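Report on the structure given below.
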Amino acid sequence: MIFVGELADLPPGESARVQGEAPIAVFNVDGELFAIDDTCTHQDASLSDGWLEGCAVECPLHAACFDLRTGRPSGPPAKKPVRTHQVSVDDGLIYVLESTRVDAAAEGVS
């Protein structure tokens, strides 16, 4: 488990970046926490620096959008999904359990 920080320090609409095997972005969407790989699959831009809109984040470089629930891009220029990660809160502290691979559903595999 990767320690992110205190829940009180990540208000709704904000994000945090932590280092796992690869950088991970953690987002607070109206009190629900999501974690995805922080690097856009189109080009090396930090998604934690992007714009949060509902359960999607827009990459600050070329406007690729990723669904925070699935990691799937909504369309070009990104074509590949990012990994999603499990987030837990224990006694007011946020932790991320890093996934080992992209979810098959996000890749479009059934």
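Going through the structure tokens in order, the chains are called A, B, and so on, while each chain numbers its residues from 1 and the ligands are numbered from 1 in the order shown.
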
Could you find all residues in chain A that DSSP calls strand (DSSP E or B) from the backbone, and write them as a ChimeraX atom specification? /A:2-6,15-19,23-29,32-37,39,46,51-53,56-58,65-67,73,84-90,93-97

Can you list, as a PyMOL selection string, every protein, DNA or RNA residue that comes within 8 Å of Ser99 of chain A when you count only C-alpha atoms, leaving out same-chain residues fewer than 3 positions away? chain A and resi 83-86+102

Export of prior selection with all heavy atoms as a short mmCIF file (atom, residue, chain, number, x, y, z; two decimals), in the first residue's frame:
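Wrote it out as again-v1.cif, contents follow:
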```cif
data_model
loop_
_atom_site.label_atom_id
_atom_site.label_comp_id
_atom_site.auth_asym_id
_atom_site.auth_seq_id
_atom_site.Cartn_x
_atom_site.Cartn_y
_atom_site.Cartn_z
N ARG A 83 -3.85 2.53 -16.10
CA ARG A 83 -4.25 1.63 -15.02
C ARG A 83 -5.08 2.39 -13.99
O ARG A 83 -4.83 3.56 -13.73
CB ARG A 83 -3.03 1.04 -14.32
CG ARG A 83 -2.20 0.11 -15.14
CD ARG A 83 -1.04 -0.46 -14.33
NE ARG A 83 -0.22 0.62 -13.77
CZ ARG A 83 0.65 0.45 -12.78
NH1 ARG A 83 0.85 -0.74 -12.26
NH2 ARG A 83 1.36 1.47 -12.33
N THR A 84 -6.02 1.70 -13.39
CA THR A 84 -6.75 2.22 -12.24
C THR A 84 -6.23 1.49 -11.01
O THR A 84 -5.71 0.37 -11.11
CB THR A 84 -8.27 2.01 -12.37
OG1 THR A 84 -8.54 0.61 -12.51
CG2 THR A 84 -8.82 2.78 -13.56
N HIS A 85 -6.36 2.12 -9.86
CA HIS A 85 -5.82 1.56 -8.62
C HIS A 85 -6.87 1.67 -7.52
O HIS A 85 -7.69 2.60 -7.51
CB HIS A 85 -4.55 2.30 -8.20
CG HIS A 85 -3.55 2.39 -9.30
ND1 HIS A 85 -2.74 1.34 -9.65
CD2 HIS A 85 -3.23 3.40 -10.15
CE1 HIS A 85 -1.97 1.69 -10.67
NE2 HIS A 85 -2.25 2.95 -10.99
N GLN A 86 -6.84 0.74 -6.61
CA GLN A 86 -7.77 0.73 -5.48
C GLN A 86 -7.34 1.77 -4.45
O GLN A 86 -6.16 1.87 -4.12
CB GLN A 86 -7.79 -0.65 -4.85
CG GLN A 86 -8.77 -0.79 -3.72
CD GLN A 86 -8.73 -2.20 -3.13
OE1 GLN A 86 -8.21 -3.13 -3.73
NE2 GLN A 86 -9.28 -2.34 -1.95
N VAL A 102 -3.42 -3.05 -16.70
CA VAL A 102 -4.63 -2.36 -17.10
C VAL A 102 -5.77 -3.36 -17.07
O VAL A 102 -5.61 -4.51 -17.49
CB VAL A 102 -4.47 -1.78 -18.54
CG1 VAL A 102 -5.78 -1.26 -19.07
CG2 VAL A 102 -3.42 -0.68 -18.54
#
```

Please list as a list in words every residue within 7 Å of Leu7 of chain A, counting only C-alpha atoms and excluding residues in the same chain fewer than 2 positions away.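 Listed by chain and then number, they are Gly5, Asp9, Leu10, Gly92, Leu93 and Ile94 of chain A.
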
Asn28 of chain A: which residues within 6 Å, counting only C-alpha atoms, same-chain residues fewer than 5 positions away excluded, as a PyMOL selection string? chain A and resi 12-14+33

So that I have them on file, write out the residues from the current selection with N, CA, C and O atoms, as a PDB file, in the first residue's frame.
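result.pdb, freshly written:
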```
ATOM      1  N   PRO A  12     -12.533  17.928  -2.178  1.00  0.00           N
ATOM      2  CA  PRO A  12     -13.207  17.645  -3.455  1.00  0.00           C
ATOM      3  C   PRO A  12     -12.706  18.572  -4.567  1.00  0.00           C
ATOM      4  O   PRO A  12     -12.482  19.762  -4.355  1.00  0.00           O
ATOM      5  N   GLY A  13     -12.485  17.971  -5.742  1.00  0.00           N
ATOM      6  CA  GLY A  13     -12.004  18.725  -6.890  1.00  0.00           C
ATOM      7  C   GLY A  13     -10.497  18.813  -6.996  1.00  0.00           C
ATOM      8  O   GLY A  13      -9.972  19.373  -7.945  1.00  0.00           O
ATOM      9  N   GLU A  14      -9.788  18.232  -6.025  1.00  0.00           N
ATOM     10  CA  GLU A  14      -8.326  18.309  -6.003  1.00  0.00           C
ATOM     11  C   GLU A  14      -7.700  16.949  -6.304  1.00  0.00           C
ATOM     12  O   GLU A  14      -8.364  15.926  -6.264  1.00  0.00           O
ATOM     13  N   LEU A  33     -12.956   8.871  -3.881  1.00  0.00           N
ATOM     14  CA  LEU A  33     -11.558   8.894  -4.299  1.00  0.00           C
ATOM     15  C   LEU A  33     -11.292   7.899  -5.419  1.00  0.00           C
ATOM     16  O   LEU A  33     -11.783   6.769  -5.392  1.00  0.00           O
TER      17      LEU A  33
END
```

Counting only C-alpha atoms, the option among A:Gln19, A:Ser88, A:Thr100, A:Thr70 closest to Thr39 of chain A: A:Gln19

Please give the complete set of residues from chain A that DSSP, run on the backbone, assigns to helix (DSSP H, G or I), formatted as JSON, numbers by chain. {"A": [7, 8, 9, 47, 48, 49]}

Mind checking which residues fall within 8 Å of Ile24 of chain A, counting only C-alpha atoms, ignoring those fewer than 5 positions away in the same chain, and posting them as number ranges by chain? A: 17-19, 35-39

Distance of atom CA of Val89 of chain A from atom CA of Phe27 of chain A, expressed in Å to one decimal place: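 It comes out at 13.1 Å.
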
Contacts of Ala45 of chain A within 8 Å, only C-alpha atoms, excl. fewer than 2 positions in-chain, as a list in words: Asp38, Thr39, Cys40, Gln43, Leu47, Cys59, Pro60 and Leu61 of chain A

Same residues, all heavy atoms, saved as a CSV table (one decimal), in the first residue's frame:
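Output file selection-v3.csv follows:
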```csv
chain,number,residue,atom,x,y,z
A,38,ASP,N,-0.6,8.4,-13.4
A,38,ASP,CA,-0.5,9.8,-13.6
A,38,ASP,C,-0.1,10.2,-15.0
A,38,ASP,O,-0.3,11.4,-15.4
A,38,ASP,CB,0.4,10.4,-12.6
A,38,ASP,CG,0.4,11.9,-12.6
A,38,ASP,OD1,-0.7,12.5,-12.6
A,38,ASP,OD2,1.5,12.5,-12.6
A,39,THR,N,0.5,9.4,-15.8
A,39,THR,CA,1.0,9.7,-17.1
A,39,THR,C,0.1,9.4,-18.2
A,39,THR,O,-0.3,8.3,-18.4
A,39,THR,CB,2.4,9.0,-17.3
A,39,THR,OG1,3.2,9.3,-16.2
A,39,THR,CG2,3.1,9.5,-18.6
A,40,CYS,N,-0.2,10.4,-19.0
A,40,CYS,CA,-1.1,10.3,-20.2
A,40,CYS,C,-0.5,9.3,-21.1
A,40,CYS,O,0.7,9.3,-21.3
A,40,CYS,CB,-1.3,11.6,-20.9
A,40,CYS,SG,-2.3,11.5,-22.4
A,43,GLN,N,1.0,11.2,-24.6
A,43,GLN,CA,2.3,11.8,-24.4
A,43,GLN,C,2.6,11.9,-22.9
A,43,GLN,O,1.6,11.9,-22.1
A,43,GLN,CB,2.4,13.1,-25.1
A,43,GLN,CG,2.7,13.0,-26.6
A,43,GLN,CD,3.2,14.3,-27.2
A,43,GLN,OE1,2.7,15.4,-26.8
A,43,GLN,NE2,4.1,14.3,-28.1
A,47,LEU,N,-1.3,13.7,-15.5
A,47,LEU,CA,-2.8,13.9,-15.4
A,47,LEU,C,-3.3,14.6,-14.1
A,47,LEU,O,-4.3,15.2,-14.1
A,47,LEU,CB,-3.5,12.5,-15.6
A,47,LEU,CG,-3.3,11.8,-16.9
A,47,LEU,CD1,-3.8,10.4,-16.9
A,47,LEU,CD2,-3.9,12.7,-18.0
A,59,CYS,N,-6.3,15.7,-19.9
A,59,CYS,CA,-4.8,15.9,-19.9
A,59,CYS,C,-4.5,17.4,-20.3
A,59,CYS,O,-5.1,17.9,-21.2
A,59,CYS,CB,-4.2,15.0,-21.0
A,59,CYS,SG,-2.5,15.2,-21.2
A,60,PRO,N,-3.6,18.0,-19.5
A,60,PRO,CA,-3.3,19.4,-19.8
A,60,PRO,C,-2.5,19.6,-21.1
A,60,PRO,O,-2.4,20.7,-21.5
A,60,PRO,CB,-2.4,19.8,-18.6
A,60,PRO,CG,-1.8,18.5,-18.2
A,60,PRO,CD,-2.8,17.4,-18.4
A,61,LEU,N,-2.0,18.6,-21.7
A,61,LEU,CA,-1.2,18.8,-22.9
A,61,LEU,C,-2.0,18.8,-24.2
A,61,LEU,O,-1.9,19.8,-25.0
A,61,LEU,CB,-0.1,17.7,-23.0
A,61,LEU,CG,1.1,17.9,-23.9
A,61,LEU,CD1,1.8,19.2,-23.6
A,61,LEU,CD2,2.0,16.8,-23.8
```

Which residue out of A:Pro23, A:Gly31, A:Gly50, A:Pro11 has the minimum interatomic distance to Val82 of chain A when only C-alpha atoms are used? A:Pro23

Between atom CA of Pro81 of chain A and atom CA of Leu97 of chain A, what distance in Å does the model show, to one decimal?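 Spanning atom CA of Pro81 of chain A to atom CA of Leu97 of chain A is a straight-line distance of 18.1 Å.
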
Of the residues A:Asp91, A:Glu6, A:Asp67, A:Glu32, which is the one nearest to Glu53 of chain A, using only C-alpha atoms?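 Of A:Asp91, A:Glu6, A:Asp67, A:Glu32, the one nearest Glu53 of chain A, counting only C-alpha atoms, is A:Asp67.
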
To one decimal place, how far is atom CA of Val96 of chain A from atom CA of Met1 of chain A in Å?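 If I compute the distance from atom CA of Val96 of chain A to atom CA of Met1 of chain A, I get 5.5 Å.
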